[in-house]
Amino acid sequence: MASPRGEFSSRFGFVMAAAGSAVGLGNIWGFPTQAASNGGAAFLLVYLVLAFTLAYPALMAELIIGRHAHANAVNALRLISPNTALRNLGAATGIAGFIVASLILSFYAIVAGWMLAFCLSSLASLLDMAVLVSWLTSFGIGRNVLFMLIFMAFTIGIISAGVRDGIERWSARLMPALLLTLFLLVVYVLTLDGAMDGLRVYLLPDFERALSPKLIIAALGAAFFSLSLGVGTMLIYGSYINDDENLPVVGGLVTLVDILIAVLAGFLVLPAMYVALHNGVEIFSATGELISEDTLIFTVLPELFATMGFTGIVVSFTFFFLMSTAALTSSISMLEVPVAYVIEEHGLKRKTAVFTIGGIIAIASIVILLNFEALFGLVIAFTTRYSQPLLGFMFCLYAGWVWHRDALLQELRKGNPGVEHSLFWKIWPWYVKLVCPVIIVGIFVQSLWG
Ligand code: PHE
């Protein structure tokens, strides 16, 4: 039975939605290139360890609090607090989370708009429309604003349809499509000349690099960003899970899908770069580092596709379609955070809330675009490098210290009556209480010094 505030209809629906949120540009774009420039398989190893030991417990903290409260982060953290001071701090954390989620969406929509533009440019080049292709693939304010708005319109459209008819329906459609596309691209790219060199770079570990403090901070930030932690996204998705669901299991599934797709994307992006090298495209920067980030996606890969003739057009379309899909299932989860809050807290209708907040975020994106040099990198660093780990830390404190242990156990028992005897219950409470906060703070402090 659907509750009035919306609920996922099945385990599959939830896992697709939460994995859809987790799997995004962070996985397909961020992870492979970071791995490439930071010690290959050694980075992969550090990432895997951090994902399971830090990100998974932090994810569980959000899911459990969310499901318990069946409410947005502000109300949920208030609900589990025993006194006024903690209630206020909890509410402040929730509010900070929804502001950060909105800010993430404001830069994410810009990047996702570029993906859409490049996707369309493949179609345009099929029709030999050179002028259009060049407009779509050049950095210009007109293109940037237009495609950001188109992407926001998709996001707003899905979120205004609600939890089941919007988030769940579209995630369940897009996620399998994404997996299939990614898989086909990997298989195809691996057959091309040069691919094996890329595979070697990806899979040969260089431990000296992977164990440097700077890198561990990068991997932690990547893991938090990748699992959509710290901004209340997973908390709000958790609040839409029904009470019979076994949370440690579904949280584990989401983590696994997220990691799997990041790792799989590595099998696509790195071999593709070396195929590009083989075809005469420059893949190293002036300082000898592997080109990464936006130059990789919007210069190196398109140059590679251009060397591949007609097949290149098809591959290019498929690749940017994959990126756009991954971005969309994530952006809807960002928008849901502030939307859920204003619906529950201020009694707005869903449509009104979605259009108002979506509109404000689109304006924020335009402001960023108009001051691109000054703001774009700043907003990314502020939200992903600092805010997400710090807010994740707060969620761990609330799950580990503020919330009464018996109440927490009772919540977990709902979907798993024998949970007290499980490995999860033996380890996880200590993790959120001590290990996660200490490590997050440790890494954070080091990053401020470094
Ligand atoms: N996890 C998403 C990605 O990897 C980004 C995201 C961050 C989504 C925060 C929601 C909230 O791209």
# chains A, B, ... in the order shown; residues from 1 in each chain; ligands from 1
call {"tool": "residues_near_ligand", "arguments": {"ligand": "ligand 1", "cutoff": "9 Å", "atoms": "only C-alpha atoms and all ligand atoms", "output": "PyMOL selection string"}}
result
chain A and resi 19-31+100-101+104-105+108+222-234+258+262+326-327+329-335+337+384+388
call {"tool": "write_last_selection", "arguments": {"atoms": "N, CA and C atoms", "output": "short mmCIF file (atom, residue, chain, number, x, y, z; two decimals), in the first residue's frame"}}
result
data_model
loop_
_atom_site.label_atom_id
_atom_site.label_comp_id
_atom_site.auth_asym_id
_atom_site.auth_seq_id
_atom_site.Cartn_x
_atom_site.Cartn_y
_atom_site.Cartn_z
N ALA A 19 20.78 3.18 -6.44
CA ALA A 19 21.97 2.98 -7.26
C ALA A 19 22.00 4.03 -8.36
N GLY A 20 20.82 4.42 -8.84
CA GLY A 20 20.75 5.46 -9.87
C GLY A 20 21.29 6.78 -9.33
N SER A 21 20.98 7.06 -8.07
CA SER A 21 21.51 8.26 -7.45
C SER A 21 23.02 8.15 -7.32
N ALA A 22 23.46 7.00 -6.87
CA ALA A 22 24.90 6.81 -6.62
C ALA A 22 25.69 6.83 -7.92
N VAL A 23 25.19 6.09 -8.91
CA VAL A 23 25.93 6.01 -10.16
C VAL A 23 25.69 7.27 -10.97
N GLY A 24 26.75 8.02 -11.18
CA GLY A 24 26.57 9.25 -11.93
C GLY A 24 27.88 9.65 -12.58
N LEU A 25 28.00 10.94 -12.82
CA LEU A 25 29.23 11.40 -13.45
C LEU A 25 30.44 11.04 -12.59
N GLY A 26 30.22 10.98 -11.28
CA GLY A 26 31.32 10.60 -10.38
C GLY A 26 31.91 9.26 -10.74
N ASN A 27 31.07 8.30 -11.08
CA ASN A 27 31.58 6.97 -11.39
C ASN A 27 32.22 6.89 -12.75
N ILE A 28 31.49 7.43 -13.74
CA ILE A 28 31.91 7.14 -15.12
C ILE A 28 33.00 8.09 -15.56
N TRP A 29 32.98 9.28 -14.95
CA TRP A 29 33.94 10.28 -15.35
C TRP A 29 35.04 10.40 -14.31
N GLY A 30 34.64 10.62 -13.07
CA GLY A 30 35.63 10.91 -12.03
C GLY A 30 36.52 9.73 -11.69
N PHE A 31 35.89 8.60 -11.38
CA PHE A 31 36.67 7.48 -10.89
C PHE A 31 37.76 6.98 -11.84
N VAL A 100 23.50 22.12 0.38
CA VAL A 100 24.62 21.53 -0.37
C VAL A 100 24.10 20.70 -1.55
N ALA A 101 23.02 19.93 -1.31
CA ALA A 101 22.44 19.13 -2.41
C ALA A 101 22.04 20.05 -3.56
N ILE A 104 25.13 21.27 -5.33
CA ILE A 104 25.71 20.22 -6.18
C ILE A 104 24.92 20.16 -7.49
N LEU A 105 23.59 20.20 -7.36
CA LEU A 105 22.78 20.15 -8.58
C LEU A 105 23.07 21.34 -9.49
N TYR A 108 26.16 20.37 -11.32
CA TYR A 108 25.96 19.09 -11.99
C TYR A 108 25.10 19.27 -13.26
N ALA A 222 35.90 10.99 -3.29
CA ALA A 222 35.29 10.30 -4.43
C ALA A 222 34.25 9.29 -3.94
N ALA A 223 34.59 8.56 -2.88
CA ALA A 223 33.66 7.55 -2.38
C ALA A 223 32.40 8.20 -1.81
N PHE A 224 32.57 9.32 -1.09
CA PHE A 224 31.39 10.00 -0.54
C PHE A 224 30.53 10.60 -1.64
N PHE A 225 31.19 11.20 -2.61
CA PHE A 225 30.44 11.79 -3.70
C PHE A 225 29.71 10.69 -4.47
N SER A 226 30.46 9.62 -4.71
CA SER A 226 29.90 8.55 -5.52
C SER A 226 28.69 7.90 -4.86
N LEU A 227 28.72 7.74 -3.54
CA LEU A 227 27.55 7.13 -2.90
C LEU A 227 26.50 8.18 -2.50
N SER A 228 26.64 9.39 -2.99
CA SER A 228 25.67 10.47 -2.72
C SER A 228 25.49 10.73 -1.23
N LEU A 229 26.59 10.70 -0.45
CA LEU A 229 26.44 10.80 0.99
C LEU A 229 26.53 12.23 1.49
N GLY A 230 26.02 12.43 2.70
CA GLY A 230 26.23 13.67 3.43
C GLY A 230 25.24 14.78 3.12
N VAL A 231 24.40 14.61 2.12
CA VAL A 231 23.49 15.70 1.81
C VAL A 231 22.03 15.32 2.05
N GLY A 232 21.81 14.12 2.58
CA GLY A 232 20.45 13.72 2.89
C GLY A 232 19.74 13.00 1.76
N THR A 233 20.45 12.78 0.64
CA THR A 233 19.83 12.07 -0.47
C THR A 233 19.47 10.64 -0.07
N MET A 234 20.44 9.95 0.50
CA MET A 234 20.19 8.56 0.85
C MET A 234 19.23 8.48 2.03
N ASP A 258 27.19 0.41 -7.21
CA ASP A 258 27.94 1.65 -7.41
C ASP A 258 29.41 1.35 -7.72
N ALA A 262 31.60 1.83 -11.28
CA ALA A 262 32.83 2.63 -11.33
C ALA A 262 33.97 1.80 -11.91
N ALA A 326 23.22 8.61 -16.76
CA ALA A 326 23.80 8.48 -15.42
C ALA A 326 23.58 9.77 -14.65
N ALA A 327 23.74 10.91 -15.33
CA ALA A 327 23.57 12.19 -14.66
C ALA A 327 22.12 12.41 -14.22
N THR A 329 19.69 10.17 -13.44
CA THR A 329 19.23 9.40 -12.28
C THR A 329 19.87 9.93 -10.99
N SER A 330 20.97 10.68 -11.12
CA SER A 330 21.56 11.30 -9.93
C SER A 330 20.92 12.65 -9.64
N SER A 331 20.69 13.42 -10.69
CA SER A 331 20.17 14.78 -10.45
C SER A 331 18.78 14.73 -9.82
N ILE A 332 17.98 13.72 -10.21
CA ILE A 332 16.65 13.66 -9.60
C ILE A 332 16.77 13.44 -8.08
N SER A 333 17.78 12.68 -7.68
CA SER A 333 17.92 12.43 -6.24
C SER A 333 18.39 13.68 -5.50
N MET A 334 19.12 14.56 -6.21
CA MET A 334 19.54 15.81 -5.57
C MET A 334 18.34 16.73 -5.38
N LEU A 335 17.52 16.83 -6.43
CA LEU A 335 16.38 17.74 -6.35
C LEU A 335 15.36 17.26 -5.31
N VAL A 337 15.83 16.14 -2.45
CA VAL A 337 16.17 16.51 -1.06
C VAL A 337 15.48 17.82 -0.64
N THR A 384 31.80 19.25 -2.59
CA THR A 384 32.20 17.84 -2.58
C THR A 384 33.42 17.58 -1.70
N GLN A 388 30.50 17.59 1.95
CA GLN A 388 29.98 16.22 2.00
C GLN A 388 30.61 15.38 3.11
#
call {"tool": "residues_around", "arguments": {"residues": "region 279-285 of chain A", "least_positions_apart": "5", "cutoff": "7 Å", "atoms": "only C-alpha atoms", "output": "number ranges by chain"}}
result
A: 273, 290-291, 300, 303-304, 307
call {"tool": "select_by_dssp", "arguments": {"residues": "region 240-269 of chain A", "states": "helix (DSSP H, G or I)", "output": "MDAnalysis selection string"}}
result
chainID A and resid 247:269
call {"tool": "residues_around", "arguments": {"residues": "Ile368 (chain A)", "least_positions_apart": "4", "cutoff": "10 Å", "atoms": "only C-alpha atoms", "output": "list in words"}}
result
Ser106, Phe107, Ile110, Ala362, Ile363, Ala364, Phe372, Glu373, Ala374, Leu375, Phe376, Gly377, Leu378 and Val379 of chain A
call {"tool": "write_last_selection", "arguments": {"atoms": "N, CA, C and O atoms", "output": "PDB file, in the first residue's frame"}}
result
ATOM      1  N   SER A 106      23.392  22.499  -8.897  1.00  0.00           N
ATOM      2  CA  SER A 106      23.597  23.677  -9.741  1.00  0.00           C
ATOM      3  C   SER A 106      24.838  23.542 -10.631  1.00  0.00           C
ATOM      4  O   SER A 106      24.867  24.079 -11.731  1.00  0.00           O
ATOM      5  N   PHE A 107      25.876  22.821 -10.178  1.00  0.00           N
ATOM      6  CA  PHE A 107      26.994  22.625 -11.120  1.00  0.00           C
ATOM      7  C   PHE A 107      26.834  21.346 -11.936  1.00  0.00           C
ATOM      8  O   PHE A 107      27.254  21.246 -13.076  1.00  0.00           O
ATOM      9  N   ILE A 110      24.989  21.809 -15.125  1.00  0.00           N
ATOM     10  CA  ILE A 110      25.807  22.431 -16.176  1.00  0.00           C
ATOM     11  C   ILE A 110      26.579  21.348 -16.935  1.00  0.00           C
ATOM     12  O   ILE A 110      26.540  21.269 -18.161  1.00  0.00           O
ATOM     13  N   ALA A 362      18.127  26.497 -11.122  1.00  0.00           N
ATOM     14  CA  ALA A 362      18.509  26.868 -12.491  1.00  0.00           C
ATOM     15  C   ALA A 362      19.110  28.282 -12.508  1.00  0.00           C
ATOM     16  O   ALA A 362      20.084  28.550 -13.221  1.00  0.00           O
ATOM     17  N   ILE A 363      18.533  29.169 -11.701  1.00  0.00           N
ATOM     18  CA  ILE A 363      19.100  30.530 -11.639  1.00  0.00           C
ATOM     19  C   ILE A 363      20.519  30.478 -11.065  1.00  0.00           C
ATOM     20  O   ILE A 363      21.437  31.129 -11.571  1.00  0.00           O
ATOM     21  N   ALA A 364      20.694  29.653 -10.025  1.00  0.00           N
ATOM     22  CA  ALA A 364      22.040  29.510  -9.457  1.00  0.00           C
ATOM     23  C   ALA A 364      23.016  29.011 -10.528  1.00  0.00           C
ATOM     24  O   ALA A 364      24.156  29.484 -10.625  1.00  0.00           O
ATOM     25  N   PHE A 372      31.920  31.883 -14.592  1.00  0.00           N
ATOM     26  CA  PHE A 372      32.427  30.518 -14.638  1.00  0.00           C
ATOM     27  C   PHE A 372      33.792  30.352 -13.974  1.00  0.00           C
ATOM     28  O   PHE A 372      33.980  29.491 -13.116  1.00  0.00           O
ATOM     29  N   GLU A 373      34.735  31.185 -14.365  1.00  0.00           N
ATOM     30  CA  GLU A 373      36.110  31.049 -13.845  1.00  0.00           C
ATOM     31  C   GLU A 373      36.125  31.116 -12.319  1.00  0.00           C
ATOM     32  O   GLU A 373      36.789  30.350 -11.649  1.00  0.00           O
ATOM     33  N   ALA A 374      35.383  32.074 -11.790  1.00  0.00           N
ATOM     34  CA  ALA A 374      35.434  32.303 -10.345  1.00  0.00           C
ATOM     35  C   ALA A 374      34.638  31.258  -9.573  1.00  0.00           C
ATOM     36  O   ALA A 374      35.035  30.846  -8.482  1.00  0.00           O
ATOM     37  N   LEU A 375      33.501  30.829 -10.133  1.00  0.00           N
ATOM     38  CA  LEU A 375      32.581  30.057  -9.295  1.00  0.00           C
ATOM     39  C   LEU A 375      32.574  28.551  -9.500  1.00  0.00           C
ATOM     40  O   LEU A 375      32.361  27.786  -8.555  1.00  0.00           O
ATOM     41  N   PHE A 376      32.779  28.100 -10.728  1.00  0.00           N
ATOM     42  CA  PHE A 376      32.548  26.684 -11.027  1.00  0.00           C
ATOM     43  C   PHE A 376      33.393  25.770 -10.121  1.00  0.00           C
ATOM     44  O   PHE A 376      32.864  24.933  -9.386  1.00  0.00           O
ATOM     45  N   GLY A 377      34.702  25.977 -10.155  1.00  0.00           N
ATOM     46  CA  GLY A 377      35.586  25.132  -9.343  1.00  0.00           C
ATOM     47  C   GLY A 377      35.344  25.329  -7.851  1.00  0.00           C
ATOM     48  O   GLY A 377      35.402  24.384  -7.066  1.00  0.00           O
ATOM     49  N   LEU A 378      35.034  26.560  -7.490  1.00  0.00           N
ATOM     50  CA  LEU A 378      34.811  26.879  -6.083  1.00  0.00           C
ATOM     51  C   LEU A 378      33.609  26.112  -5.520  1.00  0.00           C
ATOM     52  O   LEU A 378      33.677  25.511  -4.440  1.00  0.00           O
ATOM     53  N   VAL A 379      32.512  26.135  -6.267  1.00  0.00           N
ATOM     54  CA  VAL A 379      31.310  25.440  -5.790  1.00  0.00           C
ATOM     55  C   VAL A 379      31.575  23.938  -5.695  1.00  0.00           C
ATOM     56  O   VAL A 379      31.170  23.272  -4.737  1.00  0.00           O
TER      57      VAL A 379
END
call {"tool": "atom_distance", "arguments": {"atom1": "CA of Val342 (chain A)", "atom2": "CA of Ser387 (chain A)"}}
result
21.4 Å
call {"tool": "residues_around", "arguments": {"residues": "Pro57 (chain A)", "least_positions_apart": "4", "cutoff": "7 Å", "atoms": "only C-alpha atoms", "output": "PyMOL selection string"}}
result
chain A and resi 53+61+428+431-432
call {"tool": "residues_around", "arguments": {"residues": "region 353-358 of chain A", "least_positions_apart": "2", "cutoff": "9 Å", "atoms": "only C-alpha atoms", "output": "PyMOL selection string"}}
result
chain A and resi 102+152-153+155-157+159-160+335-336+338-340+342-343+348-351+360-363
call {"tool": "residues_around", "arguments": {"residues": "region 63-65 of chain A", "least_positions_apart": "6", "cutoff": "8 Å", "atoms": "only C-alpha atoms", "output": "VMD selection string"}}
result
chain A and resid 76 to 77 234 to 239 247 251 399 408 411 to 412
call {"tool": "decode", "arguments": {"residues": "region 317-346 of chain A", "atoms": "N, CA, C and O atoms", "output": "mmCIF file, in the first residue's frame"}}
result
data_model
loop_
_atom_site.group_PDB
_atom_site.id
_atom_site.type_symbol
_atom_site.label_atom_id
_atom_site.label_comp_id
_atom_site.auth_asym_id
_atom_site.auth_seq_id
_atom_site.Cartn_x
_atom_site.Cartn_y
_atom_site.Cartn_z
ATOM 1 N N PHE A 317 27.621 8.902 -29.774
ATOM 2 C CA PHE A 317 26.241 9.071 -29.329
ATOM 3 C C PHE A 317 25.971 8.193 -28.111
ATOM 4 O O PHE A 317 25.434 8.643 -27.096
ATOM 5 N N THR A 318 26.383 6.925 -28.231
ATOM 6 C CA THR A 318 26.118 5.972 -27.144
ATOM 7 C C THR A 318 26.807 6.423 -25.862
ATOM 8 O O THR A 318 26.219 6.379 -24.774
ATOM 9 N N PHE A 319 28.048 6.864 -25.993
ATOM 10 C CA PHE A 319 28.798 7.278 -24.812
ATOM 11 C C PHE A 319 28.139 8.475 -24.123
ATOM 12 O O PHE A 319 27.919 8.476 -22.906
ATOM 13 N N PHE A 320 27.794 9.495 -24.889
ATOM 14 C CA PHE A 320 27.214 10.683 -24.250
ATOM 15 C C PHE A 320 25.774 10.434 -23.791
ATOM 16 O O PHE A 320 25.304 11.056 -22.838
ATOM 17 N N PHE A 321 25.122 9.500 -24.428
ATOM 18 C CA PHE A 321 23.804 9.090 -23.945
ATOM 19 C C PHE A 321 23.957 8.433 -22.567
ATOM 20 O O PHE A 321 23.204 8.716 -21.624
ATOM 21 N N LEU A 322 24.962 7.576 -22.465
ATOM 22 C CA LEU A 322 25.258 6.915 -21.190
ATOM 23 C C LEU A 322 25.528 7.948 -20.099
ATOM 24 O O LEU A 322 24.980 7.878 -18.991
ATOM 25 N N MET A 323 26.348 8.940 -20.417
ATOM 26 C CA MET A 323 26.678 9.965 -19.446
ATOM 27 C C MET A 323 25.434 10.758 -19.033
ATOM 28 O O MET A 323 25.236 11.056 -17.856
ATOM 29 N N SER A 324 24.604 11.096 -20.016
ATOM 30 C CA SER A 324 23.408 11.889 -19.698
ATOM 31 C C SER A 324 22.452 11.095 -18.807
ATOM 32 O O SER A 324 21.861 11.637 -17.874
ATOM 33 N N THR A 325 22.312 9.797 -19.125
ATOM 34 C CA THR A 325 21.425 8.950 -18.323
ATOM 35 C C THR A 325 21.923 8.857 -16.893
ATOM 36 O O THR A 325 21.152 8.990 -15.934
ATOM 37 N N ALA A 326 23.222 8.614 -16.764
ATOM 38 C CA ALA A 326 23.795 8.483 -15.424
ATOM 39 C C ALA A 326 23.581 9.772 -14.649
ATOM 40 O O ALA A 326 23.253 9.765 -13.455
ATOM 41 N N ALA A 327 23.735 10.909 -15.331
ATOM 42 C CA ALA A 327 23.568 12.193 -14.659
ATOM 43 C C ALA A 327 22.121 12.413 -14.224
ATOM 44 O O ALA A 327 21.854 12.916 -13.134
ATOM 45 N N LEU A 328 21.190 11.980 -15.070
ATOM 46 C CA LEU A 328 19.778 12.233 -14.768
ATOM 47 C C LEU A 328 19.292 11.445 -13.549
ATOM 48 O O LEU A 328 18.584 11.983 -12.695
ATOM 49 N N THR A 329 19.688 10.173 -13.441
ATOM 50 C CA THR A 329 19.229 9.400 -12.282
ATOM 51 C C THR A 329 19.871 9.927 -10.992
ATOM 52 O O THR A 329 19.387 9.645 -9.907
ATOM 53 N N SER A 330 20.972 10.676 -11.117
ATOM 54 C CA SER A 330 21.561 11.296 -9.934
ATOM 55 C C SER A 330 20.918 12.648 -9.640
ATOM 56 O O SER A 330 20.631 12.969 -8.486
ATOM 57 N N SER A 331 20.689 13.423 -10.694
ATOM 58 C CA SER A 331 20.175 14.778 -10.447
ATOM 59 C C SER A 331 18.782 14.727 -9.819
ATOM 60 O O SER A 331 18.455 15.564 -8.989
ATOM 61 N N ILE A 332 17.984 13.719 -10.208
ATOM 62 C CA ILE A 332 16.646 13.662 -9.595
ATOM 63 C C ILE A 332 16.768 13.443 -8.080
ATOM 64 O O ILE A 332 16.003 13.997 -7.304
ATOM 65 N N SER A 333 17.779 12.682 -7.675
ATOM 66 C CA SER A 333 17.918 12.432 -6.237
ATOM 67 C C SER A 333 18.392 13.684 -5.502
ATOM 68 O O SER A 333 18.106 13.871 -4.331
ATOM 69 N N MET A 334 19.120 14.563 -6.213
ATOM 70 C CA MET A 334 19.536 15.813 -5.567
ATOM 71 C C MET A 334 18.342 16.733 -5.380
ATOM 72 O O MET A 334 18.163 17.339 -4.338
ATOM 73 N N LEU A 335 17.518 16.829 -6.427
ATOM 74 C CA LEU A 335 16.377 17.740 -6.345
ATOM 75 C C LEU A 335 15.357 17.261 -5.310
ATOM 76 O O LEU A 335 14.693 18.064 -4.652
ATOM 77 N N GLU A 336 15.249 15.941 -5.143
ATOM 78 C CA GLU A 336 14.266 15.418 -4.197
ATOM 79 C C GLU A 336 14.549 15.879 -2.764
ATOM 80 O O GLU A 336 13.630 16.019 -1.956
ATOM 81 N N VAL A 337 15.825 16.137 -2.446
ATOM 82 C CA VAL A 337 16.174 16.514 -1.064
ATOM 83 C C VAL A 337 15.478 17.820 -0.644
ATOM 84 O O VAL A 337 14.693 17.815 0.314
ATOM 85 N N PRO A 338 15.727 18.942 -1.343
ATOM 86 C CA PRO A 338 15.016 20.159 -0.920
ATOM 87 C C PRO A 338 13.511 20.072 -1.139
ATOM 88 O O PRO A 338 12.735 20.619 -0.351
ATOM 89 N N VAL A 339 13.102 19.365 -2.199
ATOM 90 C CA VAL A 339 11.669 19.273 -2.485
ATOM 91 C C VAL A 339 10.936 18.568 -1.336
ATOM 92 O O VAL A 339 9.917 19.054 -0.827
ATOM 93 N N ALA A 340 11.484 17.430 -0.905
ATOM 94 C CA ALA A 340 10.836 16.694 0.182
ATOM 95 C C ALA A 340 10.743 17.578 1.423
ATOM 96 O O ALA A 340 9.739 17.574 2.133
ATOM 97 N N TYR A 341 11.803 18.358 1.651
ATOM 98 C CA TYR A 341 11.808 19.210 2.844
ATOM 99 C C TYR A 341 10.694 20.250 2.792
ATOM 100 O O TYR A 341 9.917 20.388 3.731
ATOM 101 N N VAL A 342 10.582 20.970 1.695
ATOM 102 C CA VAL A 342 9.563 22.028 1.697
ATOM 103 C C VAL A 342 8.140 21.458 1.645
ATOM 104 O O VAL A 342 7.215 22.046 2.191
ATOM 105 N N ILE A 343 7.991 20.272 1.026
ATOM 106 C CA ILE A 343 6.652 19.662 1.046
ATOM 107 C C ILE A 343 6.271 19.312 2.483
ATOM 108 O O ILE A 343 5.194 19.651 2.966
ATOM 109 N N GLU A 344 7.197 18.659 3.186
ATOM 110 C CA GLU A 344 6.853 18.171 4.526
ATOM 111 C C GLU A 344 6.857 19.265 5.572
ATOM 112 O O GLU A 344 6.085 19.238 6.520
ATOM 113 N N GLU A 345 7.734 20.229 5.375
ATOM 114 C CA GLU A 345 7.888 21.247 6.412
ATOM 115 C C GLU A 345 6.933 22.420 6.186
ATOM 116 O O GLU A 345 6.413 22.990 7.124
ATOM 117 N N HIS A 346 6.719 22.759 4.935
ATOM 118 C CA HIS A 346 5.917 23.960 4.681
ATOM 119 C C HIS A 346 4.607 23.659 3.965
ATOM 120 O O HIS A 346 3.895 24.572 3.544
#
